[in-house]
>>> print(open('upload_23.tsv').read())   # TSV, C-alpha atoms
chain	number	residue	atom	x	y	z
B	1	MET	CA	0.00	0.00	0.00
B	2	SER	CA	3.00	2.32	0.48
B	3	SER	CA	4.02	2.07	-3.18
B	4	VAL	CA	5.92	5.23	-4.12
B	5	ARG	CA	4.68	5.25	-7.72
B	6	PHE	CA	1.07	4.44	-6.86
B	7	PRO	CA	0.17	4.82	-3.16
B	8	GLY	CA	-2.73	2.61	-2.11
B	9	LYS	CA	-2.41	0.61	-5.31
B	10	MET	CA	-3.58	-2.75	-3.98
B	11	LEU	CA	-7.02	-1.41	-3.03
B	12	ALA	CA	-7.42	0.87	-6.05
B	13	PRO	CA	-10.66	0.11	-7.94
B	14	PHE	CA	-10.26	-1.95	-11.09
B	15	ARG	CA	-13.35	-2.98	-13.05
B	16	GLY	CA	-15.53	-2.52	-10.01
B	17	ARG	CA	-13.39	-4.27	-7.40
B	18	PRO	CA	-10.11	-3.56	-5.59
B	19	LEU	CA	-7.04	-4.61	-7.55
B	20	ILE	CA	-6.03	-7.35	-5.09
B	21	ALA	CA	-9.50	-8.91	-5.35
B	22	GLN	CA	-9.16	-9.08	-9.13
B	23	VAL	CA	-5.83	-10.90	-8.78
B	24	LEU	CA	-7.24	-13.42	-6.31
B	25	ASP	CA	-10.32	-13.92	-8.50
B	26	ARG	CA	-8.09	-15.27	-11.26
B	27	PHE	CA	-7.80	-18.45	-9.18
B	28	SER	CA	-11.44	-18.77	-8.12
B	29	ASP	CA	-12.00	-21.78	-10.40
B	30	SER	CA	-8.57	-23.31	-9.76
B	31	ASP	CA	-7.51	-25.97	-7.27
B	32	LEU	CA	-4.84	-23.46	-6.23
B	33	GLN	CA	-7.46	-21.20	-4.63
B	34	PRO	CA	-7.38	-22.92	-1.19
B	35	ARG	CA	-3.59	-22.57	-1.15
B	36	LEU	CA	-3.43	-18.82	-1.69
B	37	VAL	CA	-1.73	-16.66	0.95
B	38	VAL	CA	-1.29	-12.91	0.60
B	39	LEU	CA	2.03	-11.63	1.95
B	40	THR	CA	2.18	-8.03	3.06
B	41	SER	CA	4.02	-6.01	5.69
B	42	VAL	CA	3.46	-5.30	9.38
B	43	ASP	CA	3.50	-1.57	8.60
B	44	SER	CA	0.30	0.20	9.58
B	45	THR	CA	-0.20	1.38	5.99
B	46	ASP	CA	-1.00	-2.24	5.11
B	47	ASP	CA	-3.70	-2.66	7.77
B	48	PRO	CA	-6.54	-1.85	5.32
B	49	LEU	CA	-5.15	-4.34	2.80
B	50	ALA	CA	-4.84	-7.14	5.36
B	51	ASP	CA	-8.35	-6.45	6.67
B	52	PHE	CA	-9.85	-6.51	3.17
B	53	VAL	CA	-8.13	-9.74	2.11
B	54	ILE	CA	-9.06	-11.59	5.30
B	55	ASN	CA	-12.62	-10.35	5.74
B	56	ARG	CA	-13.78	-9.69	2.20
B	57	CYS	CA	-11.78	-12.21	0.17
B	58	SER	CA	-11.54	-14.97	2.82
B	59	VAL	CA	-7.86	-15.49	2.02
B	60	PRO	CA	-5.22	-15.79	4.77
B	61	VAL	CA	-2.64	-13.04	5.17
B	62	PHE	CA	0.93	-13.27	6.42
B	63	ARG	CA	2.55	-10.05	7.57
B	64	GLY	CA	6.31	-9.56	7.77
B	65	ASP	CA	9.13	-7.10	7.25
B	66	LEU	CA	8.30	-4.08	5.08
B	67	ASP	CA	11.64	-3.68	3.32
B	68	ASN	CA	13.27	-7.11	3.63
B	69	VAL	CA	10.85	-9.06	1.47
B	70	VAL	CA	13.17	-12.06	1.33
B	71	LEU	CA	12.87	-12.37	5.10
B	72	ARG	CA	9.11	-11.89	4.82
B	73	PHE	CA	8.86	-14.84	2.44
B	74	GLN	CA	11.18	-16.98	4.56
B	75	SER	CA	9.06	-16.28	7.63
B	76	ALA	CA	5.89	-17.11	5.69
B	77	LEU	CA	7.38	-20.48	4.74
B	78	VAL	CA	7.65	-21.29	8.43
B	79	ALA	CA	3.98	-20.46	8.95
B	80	TYR	CA	2.89	-22.13	5.69
B	81	PRO	CA	5.38	-24.95	5.00
B	82	CYS	CA	5.45	-26.33	1.47
B	83	ALA	CA	7.93	-28.00	-0.88
B	84	TRP	CA	7.53	-25.30	-3.55
B	85	PHE	CA	5.87	-21.91	-3.63
B	86	VAL	CA	4.73	-19.71	-6.50
B	87	ARG	CA	5.41	-16.00	-6.38
B	88	ILE	CA	2.63	-13.96	-7.96
B	89	SER	CA	2.64	-10.17	-7.90
B	90	GLY	CA	-0.44	-8.45	-6.59
B	91	ASP	CA	-0.37	-5.93	-9.41
B	92	SER	CA	-1.20	-8.48	-12.13
B	93	PRO	CA	-5.01	-8.47	-12.46
B	94	LEU	CA	-5.05	-10.31	-15.81
B	95	LEU	CA	-2.74	-13.17	-14.81
B	96	ASP	CA	-3.61	-16.44	-16.57
B	97	ALA	CA	-4.14	-19.15	-13.94
B	98	SER	CA	-3.60	-21.86	-16.56
B	99	LEU	CA	-0.08	-20.54	-17.11
B	100	VAL	CA	0.59	-20.83	-13.39
B	101	GLN	CA	-0.68	-24.42	-13.40
B	102	ALA	CA	1.44	-25.31	-16.42
B	103	MET	CA	4.59	-23.95	-14.80
B	104	ILE	CA	3.91	-25.76	-11.55
B	105	GLY	CA	3.88	-28.94	-13.61
B	106	LEU	CA	7.51	-28.26	-14.58
B	107	CYS	CA	8.75	-28.27	-10.98
B	108	ASP	CA	10.81	-31.27	-9.93
B	109	ASP	CA	13.93	-32.19	-7.96
B	110	ARG	CA	16.23	-31.41	-10.91
B	111	VAL	CA	15.68	-27.65	-10.64
B	112	ASP	CA	15.45	-24.94	-8.00
B	113	VAL	CA	13.50	-22.30	-9.90
B	114	VAL	CA	10.97	-22.42	-12.76
B	115	SER	CA	10.51	-18.93	-14.19
B	116	ASN	CA	9.14	-17.14	-17.22
B	117	ILE	CA	11.13	-13.95	-16.59
B	118	VAL	CA	14.65	-15.28	-17.17
B	119	ARG	CA	14.14	-13.87	-20.65
B	120	ARG	CA	11.19	-11.51	-21.00
B	121	THR	CA	8.89	-12.94	-23.67
B	122	PHE	CA	5.61	-12.91	-21.71
B	123	PRO	CA	3.78	-9.65	-21.01
B	124	PRO	CA	4.61	-7.81	-17.79
B	125	GLY	CA	1.69	-8.92	-15.64
B	126	GLN	CA	2.02	-12.57	-16.72
B	127	SER	CA	5.13	-13.20	-14.62
B	128	VAL	CA	5.25	-16.51	-12.76
B	129	GLU	CA	8.06	-17.83	-10.58
B	130	CYS	CA	8.02	-21.25	-8.89
B	131	ILE	CA	10.73	-21.64	-6.26
B	132	CYS	CA	11.92	-24.60	-4.22
B	133	SER	CA	11.26	-23.70	-0.60
B	134	ASP	CA	14.40	-25.35	0.78
B	135	VAL	CA	16.52	-23.33	-1.63
B	136	PHE	CA	14.77	-20.11	-0.72
B	137	ARG	CA	15.04	-20.74	3.01
B	138	SER	CA	18.81	-21.17	2.61
B	139	LEU	CA	19.27	-17.59	1.30
B	140	ASP	CA	21.12	-15.16	3.56
B	141	SER	CA	19.29	-11.87	3.22
B	142	GLY	CA	21.87	-10.18	5.42
B	143	SER	CA	24.46	-10.53	2.67
B	144	MET	CA	22.18	-9.16	-0.07
B	145	THR	CA	21.89	-5.68	-1.50
B	146	HIS	CA	18.84	-3.56	-0.69
B	147	ASP	CA	17.40	-4.26	-4.15
B	148	GLN	CA	17.88	-8.01	-3.72
B	149	ARG	CA	16.07	-7.95	-0.38
B	150	GLU	CA	13.22	-5.86	-1.77
B	151	HIS	CA	12.84	-7.65	-5.13
B	152	VAL	CA	12.62	-11.06	-3.65
B	153	THR	CA	13.81	-13.24	-6.57
B	154	LYS	CA	16.34	-10.83	-8.06
B	155	ILE	CA	19.30	-12.80	-6.75
B	156	PHE	CA	18.40	-15.86	-8.83
B	157	TYR	CA	18.91	-13.90	-12.04
B	158	GLU	CA	21.93	-11.86	-11.01
B	159	GLN	CA	23.85	-14.84	-9.63
B	160	ALA	CA	22.99	-17.82	-11.80
B	161	GLN	CA	25.10	-20.27	-9.83
B	162	PRO	CA	24.65	-22.47	-7.89
B	163	TRP	CA	20.94	-22.41	-8.66
B	164	ARG	CA	19.37	-24.53	-11.33
B	165	VAL	CA	16.89	-22.41	-13.26
B	166	ARG	CA	14.37	-23.74	-15.76
B	167	SER	CA	13.28	-21.01	-18.16
B	168	VAL	CA	9.85	-20.86	-19.75
B	169	VAL	CA	9.34	-18.63	-22.79
B	170	CYS	CA	6.39	-17.52	-24.91
B	171	GLN	CA	6.25	-18.95	-28.42
B	172	ASP	CA	4.90	-15.63	-29.64
B	173	PRO	CA	7.33	-13.06	-28.18
B	174	ARG	CA	5.28	-10.19	-29.58
B	175	TRP	CA	3.24	-10.50	-26.38
B	176	ALA	CA	6.22	-9.18	-24.42
B	177	ALA	CA	5.37	-5.67	-25.63
B	178	VAL	CA	1.81	-5.80	-24.26
B	179	ARG	CA	1.72	-4.27	-20.79
B	180	MET	CA	-0.60	-6.03	-18.31
B	181	VAL	CA	0.88	-4.89	-15.00
B	182	VAL	CA	-0.17	-1.99	-12.77
B	183	ASP	CA	2.83	0.04	-11.70
B	184	GLN	CA	1.23	3.46	-11.97
B	185	ILE	CA	-2.28	4.84	-12.15
B	186	GLU	CA	-1.88	5.27	-15.92
B	187	ASP	CA	-1.46	1.49	-16.21
B	188	LEU	CA	-4.69	0.96	-14.32
B	189	ARG	CA	-6.55	3.32	-16.63
B	190	ALA	CA	-5.13	1.64	-19.71
B	191	LEU	CA	-6.18	-1.83	-18.53
B	192	GLN	CA	-9.63	-0.55	-17.58
B	193	GLU	CA	-10.18	0.20	-21.26
B	194	GLY	CA	-9.49	-3.40	-22.13
B	195	VAL	CA	-6.60	-5.38	-23.53
B	196	GLU	CA	-6.52	-8.27	-25.97
B	197	LEU	CA	-5.74	-11.67	-24.45
B	198	PRO	CA	-4.97	-14.99	-26.14
B	199	PRO	CA	-7.21	-17.99	-25.31
B	200	SER	CA	-4.45	-19.33	-23.06
B	201	PHE	CA	-0.93	-18.22	-22.25
B	202	ALA	CA	-0.24	-21.79	-21.13
B	203	ALA	CA	-0.71	-22.92	-24.73
B	204	LEU	CA	2.03	-20.49	-25.79
B	205	ALA	CA	4.53	-21.60	-23.14
B	206	ARG	CA	7.56	-23.75	-23.91
B	207	LEU	CA	10.79	-24.65	-22.18
B	208	GLU	CA	13.90	-22.80	-23.24
B	209	ALA	CA	17.15	-24.74	-23.51
B	210	MET	CA	19.69	-23.02	-21.27
B	211	PRO	CA	23.27	-23.90	-20.34
B	212	GLY	CA	23.24	-25.81	-17.09
B	213	ALA	CA	19.44	-26.02	-16.96
B	214	ALA	CA	17.59	-29.31	-16.73
>>> encode(input="upload_23.tsv", output="structure tokens")
Amino acid sequence: MSSVRFPGKMLAPFRGRPLIAQVLDRFSDSDLQPRLVVLTSVDSTDDPLADFVINRCSVPVFRGDLDNVVLRFQSALVAYPCAWFVRISGDSPLLDASLVQAMIGLCDDRVDVVSNIVRRTFPPGQSVECICSDVFRSLDSGSMTHDQREHVTKIFYEQAQPWRVRSVVCQDPRWAAVRMVVDQIEDLRALQEGVELPPSFAALARLEAMPGAA
């Protein structure tokens, strides 16, 4: 809620409902819906967001450090243990749940991260990252830069080793130029007017052969 570029963004109205509700609604018909957890901060600015998600969306909320998002995620993994977790940004109201499901299907013990942002071929707003929880818990946020602590998966792309990353790319890279993320109020207004979507981004997804990747 304390976004510098768009204060209050997560509760801003989008097509008749707060932005965070639109993101959560993308999974309403998915078997992932019961596994959703919204991570936000303990800062008082996020009180309205936590209250809305819990009481209006019936989705659990975990609250942690405002600036050290890596630590926030690590703490959430203690409260909600799992073998893998999927990071989804709350500013992606058009996210394709079938793409998330398809990428989860690529997770196995041969890789640590399955991501479609190693090389940007999907639209901003269709970003999906599946991360092995044991690997993530092993990260030392105290040795990271401020940007790496704030942008929780940044380290996996800046320091490729020793992590095993499986890259997923879009077969039609023209979609990369279509903006579907809400960073600023202008983005929200543009998406309100409507944007073309393919029948399924999952159908356009394929694995990219990468050195050292499985």
>>> closest_residue(input="upload_23.tsv", among="B:Val61, B:Val113, B:Ala76, B:Ala97", to="Ser28 (chain B)", atoms="all atoms listed in the file")
B:Ala97
>>> residues_near_point(input="upload_23.tsv", point="(14.4, -19.4, 6.1)", cutoff="9 Å", atoms="all atoms listed in the file", output="ChimeraX atom specification")
/B:70-71,73-78,133-140
>>> closest_residue(input="upload_23.tsv", among="B:Val4, B:Cys82, B:Ile20, B:Met103", to="Arg35 (chain B)", atoms="only C-alpha atoms")
B:Cys82
>>> closest_atom_pairs(input="upload_23.tsv", of="region 92-138 of chain B", to="region 163-183 of chain B", cutoff="6 Å", atoms="only C-alpha atoms", output="tab-separated table")
residue	atom	partner	partner_atom	distance
B:Ser92	CA	B:Val181	CA	5.0
B:Val111	CA	B:Arg164	CA	4.9
B:Asp112	CA	B:Arg164	CA	5.2
B:Val113	CA	B:Val165	CA	4.8
B:Val114	CA	B:Arg166	CA	4.7
B:Ser115	CA	B:Ser167	CA	5.3
B:Asn116	CA	B:Val168	CA	4.6
B:Val118	CA	B:Ser167	CA	6.0
B:Thr121	CA	B:Ala176	CA	4.7
B:Phe122	CA	B:Ala176	CA	4.7
B:Pro123	CA	B:Ala176	CA	4.2
B:Pro124	CA	B:Arg179	CA	5.5
B:Gly125	CA	B:Val181	CA	4.2
>>> closest_residue(input="upload_23.tsv", among="B:Leu49, B:Leu99, B:Ala190, B:Val37", to="Ala12 (chain B)", atoms="only C-alpha atoms")
B:Leu49
>>> closest_residue(input="upload_23.tsv", among="B:Gln33, B:Thr40, B:Ser141, B:Gln192", to="Met10 (chain B)", atoms="all atoms listed in the file")
B:Thr40
>>> closest_residue(input="upload_23.tsv", among="B:Leu36, B:Leu19, B:Ile155, B:Val100", to="Phe201 (chain B)", atoms="all atoms listed in the file")
B:Val100
>>> atom_distance(input="upload_23.tsv", atom1="CA of Ile185 (chain B)", atom2="CA of Ser200 (chain B)")
26.6 Å
>>> atom_distance(input="upload_23.tsv", atom1="CA of Asp25 (chain B)", atom2="CA of Ser127 (chain B)")
16.6 Å
>>> residues_near_point(input="upload_23.tsv", point="(5.7, -3.4, 0.8)", cutoff="9 Å", atoms="all atoms listed in the file", output="ChimeraX atom specification")
/B:1-3,40-41,43,46,65-69,150
>>> atom_distance(input="upload_23.tsv", atom1="CA of Val38 (chain B)", atom2="CA of Pro60 (chain B)")
6.4 Å
>>> residues_around(input="upload_23.tsv", residues="Gln184 (chain B)", least_positions_apart="4", cutoff="8 Å", atoms="only C-alpha atoms", output="short mmCIF file (atom, residue, chain, number, x, y, z; two decimals) with C-alpha atoms, in the frame of the given file")
data_model
loop_
_atom_site.label_atom_id
_atom_site.label_comp_id
_atom_site.auth_asym_id
_atom_site.auth_seq_id
_atom_site.Cartn_x
_atom_site.Cartn_y
_atom_site.Cartn_z
CA ARG B 5 4.68 5.25 -7.72
CA PHE B 6 1.07 4.44 -6.86
CA LEU B 188 -4.69 0.96 -14.32
#
>>> closest_residue(input="upload_23.tsv", among="B:Arg120, B:His151, B:Arg26, B:Arg87", to="Ile104 (chain B)", atoms="only C-alpha atoms")
B:Arg87
